[in-house]
>>> print(open('structure-v9.cif').read())   # mmCIF, C-alpha atoms
data_work
#
loop_
_atom_site.label_atom_id
_atom_site.label_comp_id
_atom_site.auth_asym_id
_atom_site.auth_seq_id
_atom_site.Cartn_x
_atom_site.Cartn_y
_atom_site.Cartn_z
CA MET G 14 102.55 103.34 103.97
CA LYS G 15 101.57 104.21 100.41
CA VAL G 16 103.94 103.13 97.67
CA ALA G 17 103.82 103.53 93.90
CA VAL G 18 105.74 101.07 91.71
CA ILE G 19 106.35 102.87 88.45
CA ASN G 20 108.36 102.88 85.23
CA PHE G 21 107.61 104.00 81.69
CA SER G 22 109.04 100.69 80.54
CA GLY G 23 107.42 97.30 80.65
CA ASN G 24 109.25 94.06 81.45
CA VAL G 25 111.08 95.45 84.47
CA GLY G 26 109.22 93.38 87.07
CA LYS G 27 106.84 95.92 88.57
CA SER G 28 104.26 93.30 89.48
CA THR G 29 106.90 91.03 91.00
CA VAL G 30 108.10 93.92 93.14
CA ALA G 31 104.58 94.86 94.20
CA LYS G 32 103.29 91.37 94.96
CA HIS G 33 106.32 89.43 96.15
CA LEU G 34 108.68 92.03 97.58
CA LEU G 35 106.46 94.74 99.04
CA LYS G 36 103.10 93.22 99.91
CA PRO G 37 104.39 90.49 102.25
CA ARG G 38 106.59 93.02 104.10
CA ILE G 39 104.20 95.94 104.52
CA PRO G 40 101.61 94.99 107.16
CA ASP G 41 98.02 94.81 105.91
CA ALA G 42 98.97 96.25 102.52
CA GLU G 43 96.78 95.73 99.49
CA VAL G 44 97.85 95.93 95.87
CA ILE G 45 96.02 98.10 93.37
CA THR G 46 96.91 97.38 89.76
CA ILE G 47 96.51 100.26 87.33
CA GLU G 48 96.48 98.70 83.90
CA SER G 49 94.13 99.13 80.97
CA ILE G 50 95.05 95.85 79.27
CA ASN G 51 95.84 92.39 80.59
CA ALA G 52 94.80 93.34 84.12
CA ASP G 53 95.54 90.55 86.58
CA GLU G 54 92.63 88.74 88.12
CA GLY G 55 92.47 87.90 91.78
CA GLU G 56 92.31 89.81 95.02
CA GLU G 57 94.08 92.87 93.68
CA GLN G 58 91.90 95.71 92.48
CA ALA G 59 92.36 96.95 88.91
CA LEU G 60 91.84 100.57 87.89
CA ARG G 61 92.45 102.33 84.60
CA GLY G 62 94.94 105.17 84.51
CA ARG G 63 92.22 107.69 83.66
CA GLN G 64 90.44 106.88 86.91
CA PHE G 65 93.03 108.81 88.87
CA ALA G 66 90.38 110.83 90.70
CA GLU G 67 89.01 107.65 92.24
CA LEU G 68 92.48 106.46 93.15
CA GLN G 69 93.29 109.79 94.76
CA GLU G 70 90.16 109.63 96.87
CA TYR G 71 90.90 106.07 97.91
CA LEU G 72 94.42 106.97 99.00
CA GLN G 73 92.92 109.35 101.55
CA ILE G 74 91.02 106.63 103.37
CA THR G 75 93.52 103.75 103.38
CA ASP G 76 96.70 103.31 105.38
CA ASN G 77 98.81 100.74 103.54
CA VAL G 78 98.58 100.36 99.80
CA ILE G 79 100.89 99.45 96.92
CA VAL G 80 99.94 100.87 93.53
CA ASP G 81 101.34 98.85 90.62
CA ILE G 82 101.23 101.20 87.64
CA GLY G 83 101.24 99.43 84.28
CA ALA G 84 103.53 100.85 81.62
CA SER G 85 100.58 101.71 79.37
CA ASN G 86 99.16 103.99 82.06
CA VAL G 87 102.23 105.74 83.48
CA GLU G 88 102.09 108.76 81.21
CA GLU G 89 98.37 109.27 81.79
CA LEU G 90 98.73 108.90 85.55
CA LEU G 91 101.61 111.38 85.72
CA SER G 92 99.58 113.83 83.65
CA SER G 93 96.73 113.42 86.13
CA MET G 94 99.11 114.17 88.98
CA LYS G 95 100.04 117.40 87.26
CA ARG G 96 96.38 118.39 87.03
CA TYR G 97 95.76 117.50 90.67
CA ARG G 98 98.57 119.64 92.00
CA GLY G 99 100.28 118.17 95.04
CA SER G 100 98.67 114.75 94.61
CA HIS G 101 102.07 113.07 94.34
CA GLY G 102 102.40 113.84 98.04
CA ASP G 103 99.82 111.14 98.75
CA PHE G 104 102.56 108.58 98.17
CA ASP G 105 105.27 108.02 100.74
CA HIS G 106 107.59 106.43 98.18
CA PHE G 107 107.99 105.81 94.47
CA ILE G 108 109.87 102.63 93.61
CA VAL G 109 111.30 102.45 90.09
CA PRO G 110 112.42 98.92 89.14
CA THR G 111 114.87 98.62 86.28
CA VAL G 112 116.74 95.90 84.40
CA ALA G 113 120.04 95.86 82.54
CA ALA G 114 118.70 96.25 78.98
CA LEU G 115 119.65 99.69 77.62
CA LYS G 116 116.10 100.60 76.52
CA GLN G 117 114.75 99.86 79.99
CA GLN G 118 117.54 101.91 81.56
CA GLN G 119 116.71 104.82 79.26
CA ASP G 120 113.02 104.51 80.13
CA THR G 121 113.97 104.41 83.80
CA ILE G 122 115.91 107.65 83.46
CA ALA G 123 112.92 109.22 81.70
CA THR G 124 110.71 108.09 84.59
CA LEU G 125 113.06 109.62 87.17
CA VAL G 126 113.13 112.90 85.22
CA GLU G 127 109.33 113.04 85.08
CA LEU G 128 109.01 112.38 88.80
CA ALA G 129 111.53 115.12 89.56
CA GLN G 130 109.74 117.58 87.29
CA LEU G 131 106.49 116.69 89.01
CA GLY G 132 108.05 117.78 92.28
CA VAL G 133 108.72 114.42 93.90
CA PRO G 134 111.78 114.87 96.15
CA ALA G 135 114.74 112.54 95.64
CA CYS G 136 114.37 111.15 99.15
CA LYS G 137 111.05 109.56 98.16
CA VAL G 138 112.28 107.85 94.99
CA ARG G 139 114.08 104.49 95.07
CA VAL G 140 115.68 102.73 92.13
CA LEU G 141 115.50 98.95 92.38
CA PHE G 142 117.89 96.82 90.30
CA ASN G 143 115.95 93.80 89.09
CA MET G 144 116.79 90.53 87.32
CA VAL G 145 120.48 90.89 88.13
CA GLU G 146 122.44 87.87 86.95
CA ASP G 147 124.86 86.13 89.32
CA GLY G 148 128.35 87.55 89.06
CA GLU G 149 127.32 90.67 87.19
CA ASP G 150 129.13 93.89 88.06
CA LEU G 151 126.15 96.05 88.93
CA ALA G 152 128.07 99.30 88.54
CA GLN G 153 129.08 98.31 85.02
CA VAL G 154 125.79 96.77 83.91
CA PHE G 155 123.72 99.72 85.15
CA ASP G 156 126.24 102.38 84.24
CA ALA G 157 123.68 104.46 82.29
CA ILE G 158 121.42 104.95 85.31
CA LEU G 159 124.17 105.32 87.89
CA SER G 160 126.05 107.88 85.79
CA PHE G 161 122.84 109.83 85.32
CA LEU G 162 122.19 109.86 89.06
CA VAL G 163 125.71 111.08 89.80
CA ALA G 164 125.06 114.08 87.56
CA HIS G 165 121.40 114.45 88.53
CA PRO G 166 120.71 113.11 92.05
CA VAL G 167 116.95 112.82 91.67
CA ALA G 168 116.63 109.40 93.36
CA GLN G 169 118.28 107.04 95.81
CA ALA G 170 120.05 104.03 94.32
CA ASP G 171 121.55 101.55 96.78
CA PRO G 172 123.39 98.65 95.06
CA ALA G 173 122.06 96.39 97.82
CA CYS G 174 118.54 97.07 96.57
CA ARG G 175 118.66 94.30 93.99
CA ILE G 176 116.73 91.19 93.03
CA GLY G 177 118.45 88.40 91.15
CA ALA G 178 117.18 86.65 88.06
CA ASN G 179 115.34 83.54 89.24
CA GLU G 180 112.98 81.13 87.51
CA ILE G 181 110.74 81.01 90.59
CA TYR G 182 108.89 84.13 89.45
CA GLY G 183 108.01 82.48 86.14
CA ARG G 184 106.79 79.40 87.99
CA ILE G 185 104.61 81.55 90.24
CA ARG G 186 103.08 83.34 87.26
CA ARG G 187 102.29 80.03 85.58
CA THR G 188 100.86 78.27 88.63
CA GLY G 189 99.40 81.15 90.65
CA VAL G 190 100.97 79.74 93.84
CA GLU G 191 102.36 82.40 96.18
CA LEU G 192 105.86 82.32 97.66
CA SER G 193 104.35 82.14 101.14
CA ALA G 194 102.38 79.04 100.20
CA LEU G 195 105.49 77.37 98.81
CA LEU G 196 107.40 78.10 102.00
CA ALA G 197 104.58 76.81 104.19
CA ASP G 198 104.40 73.53 102.26
CA GLU G 199 105.80 70.76 104.51
CA THR G 200 105.06 67.89 102.14
CA ASP G 201 107.67 65.12 102.09
CA TYR G 202 108.08 65.15 98.33
CA LYS G 203 111.01 62.72 98.35
CA ALA G 204 108.85 60.09 99.99
CA LEU G 205 106.03 60.75 97.56
CA ILE G 206 108.40 60.55 94.60
CA ALA G 207 109.75 57.23 95.83
CA ALA G 208 106.23 55.85 96.17
CA ALA G 209 104.88 57.27 92.91
CA LYS G 210 104.03 54.74 90.22
CA GLY G 211 104.32 56.67 86.99
CA GLN G 212 107.10 58.83 85.56
CA ALA G 213 104.75 61.77 84.96
CA GLU G 214 103.70 61.83 88.61
CA LYS G 215 107.32 61.64 89.75
CA ILE G 216 108.18 64.65 87.55
CA ARG G 217 105.18 66.62 88.85
CA LEU G 218 106.24 66.04 92.44
CA ALA G 219 109.87 66.82 91.63
CA GLN G 220 108.78 70.14 90.14
CA ARG G 221 106.93 71.02 93.34
CA LEU G 222 110.00 70.16 95.39
CA ALA G 223 112.15 72.33 93.12
CA ALA G 224 109.71 75.25 93.42
CA ARG G 225 109.79 75.04 97.22
CA ARG G 226 113.58 75.03 97.23
CA LEU G 227 113.71 78.03 94.89
CA ALA G 228 111.27 79.91 97.12
CA ALA G 229 113.36 79.16 100.21
CA GLY G 230 116.41 80.53 98.42
CA VAL G 231 114.83 83.72 97.11
CA VAL G 232 113.06 84.95 100.25
CA PRO G 233 116.27 85.98 102.11
CA GLU G 234 117.28 87.95 99.01
CA LEU G 235 113.92 89.72 99.01
CA ASP G 236 114.31 90.45 102.72
CA ASP G 237 117.70 92.06 102.07
CA CYS G 238 116.37 94.07 99.14
CA PHE G 239 113.43 95.35 101.18
CA ALA G 240 115.76 96.38 104.01
CA ALA G 241 117.94 98.25 101.50
CA LEU G 242 114.91 100.24 100.32
CA ARG G 243 114.80 101.86 103.78
CA LEU G 244 111.13 102.72 103.44
CA ASP G 245 110.94 103.60 107.12
CA ASP G 246 113.52 106.37 106.75
CA ARG G 247 112.27 109.87 107.25
CA PRO G 248 112.48 112.12 104.18
CA ARG G 249 115.85 113.77 103.70
CA THR G 250 116.80 116.85 101.77
CA SER G 251 119.37 115.13 99.54
CA ALA G 252 119.60 111.82 97.74
CA ALA G 253 122.01 109.05 98.55
CA VAL G 254 123.25 107.66 95.26
#
>>> encode(input="structure-v9.cif", output="structure tokens")
Amino acid sequence: MKVAVINFSGNVGKSTVAKHLLKPRIPDAEVITIESINADEGEEQALRGRQFAELQEYLQITDNVIVDIGASNVEELLSSMKRYRGSHGDFDHFIVPTVAALKQQQDTIATLVELAQLGVPACKVRVLFNMVEDGEDLAQVFDAILSFLVAHPVAQADPACRIGANEIYGRIRRTGVELSALLADETDYKALIAAAKGQAEKIRLAQRLAARRLAAGVVPELDDCFAALRLDDRPRTSAAV
């Protein structure tokens, strides 16, 4: 499965979606980060948007890949797709994360329009509602996007495809520890806290315990969101909004 995570806007959680939602749930998938500035270090490969020819070639020889397209490279990459006619067909799905802020919703709509004009069918485009606060009325908060899709069904938007706002993602960015590692941690932190001598050590251990609890709470939500994406569905001729 080959998936592009894309949005003209930054700060919508594309990397979170690629690394923590998709990668653990797509067998043997790797993440390629297309970003010209502030490229993440680590196992993920980093390519610049102008290196689309190399990316296109690589997509022909790999089975499962998630391409995280940085906001600064979206326009260039889409322009490259126009030059390499039909290259958008190398992707099985385009996932467009969005958040409630009006600017990000407007950028999301612009992204959906560009994908449609490129020739990407609605059945291959998924809107993902990210950083949704508890108790928020999704239909009201994301009215701009949902109203647009009612009038222009160029993507699928399932309200169940949502990720809540959660401090665990900030903790992961700061520490570099993966969700899977937090879940696999069986340390008895309460016992360690009780035995710790200094206040600083107690706080450090308490923070680790809190991170593990947050991870345990967020994984079922990610499972539900991934299921709602329905990436295994066969392409359909119309969008389900």
>>> resolve_selection(input="structure-v9.cif", expression="the PyMOL selection byres ((chain G and resi 20) around 10)", output="PyMOL selection string")
chain G and resi 17-19+21-27+81-88+107-111+117-118+120-125
>>> residues_around(input="structure-v9.cif", residues="range 215-220 of chain G", least_positions_apart="4", cutoff="9 Å", atoms="only C-alpha atoms", output="JSON, numbers by chain")
{"G": [202, 203, 205, 206, 207, 208, 209, 210, 211, 224, 225]}
>>> closest_residue(input="structure-v9.cif", among="G:Val78, G:Leu235, G:Ala178, G:Met14", to="Gly148 in chain G", atoms="only C-alpha atoms")
G:Ala178
>>> atom_distance(input="structure-v9.cif", atom1="CA of Leu192 in chain G", atom2="CA of Lys116 in chain G")
29.8 Å
>>> atom_distance(input="structure-v9.cif", atom1="CA of Leu115 in chain G", atom2="CA of Arg243 in chain G")
26.7 Å
>>> closest_residue(input="structure-v9.cif", among="G:Met94, G:Ile181, G:Cys174, G:Ile79", to="Asn143 in chain G", atoms="all atoms listed in the file")
G:Cys174
>>> closest_residue(input="structure-v9.cif", among="G:Cys238, G:Cys136, G:Val112, G:Leu151", to="Leu35 in chain G", atoms="only C-alpha atoms")
G:Cys238
>>> resolve_selection(input="structure-v9.cif", expression="the PyMOL selection byres ((chain G and resi 32) around 12)", output="ChimeraX atom specification")
/G:18,26-31,33-39,42-46,53,55-57,78-81,182,185-186,189-193,235
>>> atom_distance(input="structure-v9.cif", atom1="CA of Met144 in chain G", atom2="CA of Glu180 in chain G")
10.1 Å
>>> residues_around(input="structure-v9.cif", residues="Gly102 in chain G", least_positions_apart="6", cutoff="10 Å", atoms="only C-alpha atoms", output="list in words")
Lys15, Met94, Gly132, Val133, Pro134 and Lys137 of chain G
>>> write_last_selection(input="structure-v9.cif", atoms="C-alpha atoms", output="tab-separated table (two decimals), in the coordinates of the input")
chain	number	residue	atom	x	y	z
G	15	LYS	CA	101.57	104.21	100.41
G	94	MET	CA	99.11	114.17	88.98
G	132	GLY	CA	108.05	117.78	92.28
G	133	VAL	CA	108.72	114.42	93.90
G	134	PRO	CA	111.78	114.87	96.15
G	137	LYS	CA	111.05	109.56	98.16
>>> resolve_selection(input="structure-v9.cif", expression="the PyMOL selection byres ((chain G and resi 173) around 12)", output="ChimeraX atom specification")
/G:139-143,145,151-152,169-172,174-177,234-243,254
>>> closest_residue(input="structure-v9.cif", among="G:Gln130, G:Gln119, G:Thr75, G:Thr200", to="Leu91 in chain G", atoms="all atoms listed in the file")
G:Gln130
>>> closest_residue(input="structure-v9.cif", among="G:Glu199, G:Leu72, G:Ala129, G:Asn179", to="Leu227 in chain G", atoms="all atoms listed in the file")
G:Asn179
>>> closest_residue(input="structure-v9.cif", among="G:Glu149, G:Asn77, G:Leu222, G:Arg184", to="Asp41 in chain G", atoms="all atoms listed in the file")
G:Asn77
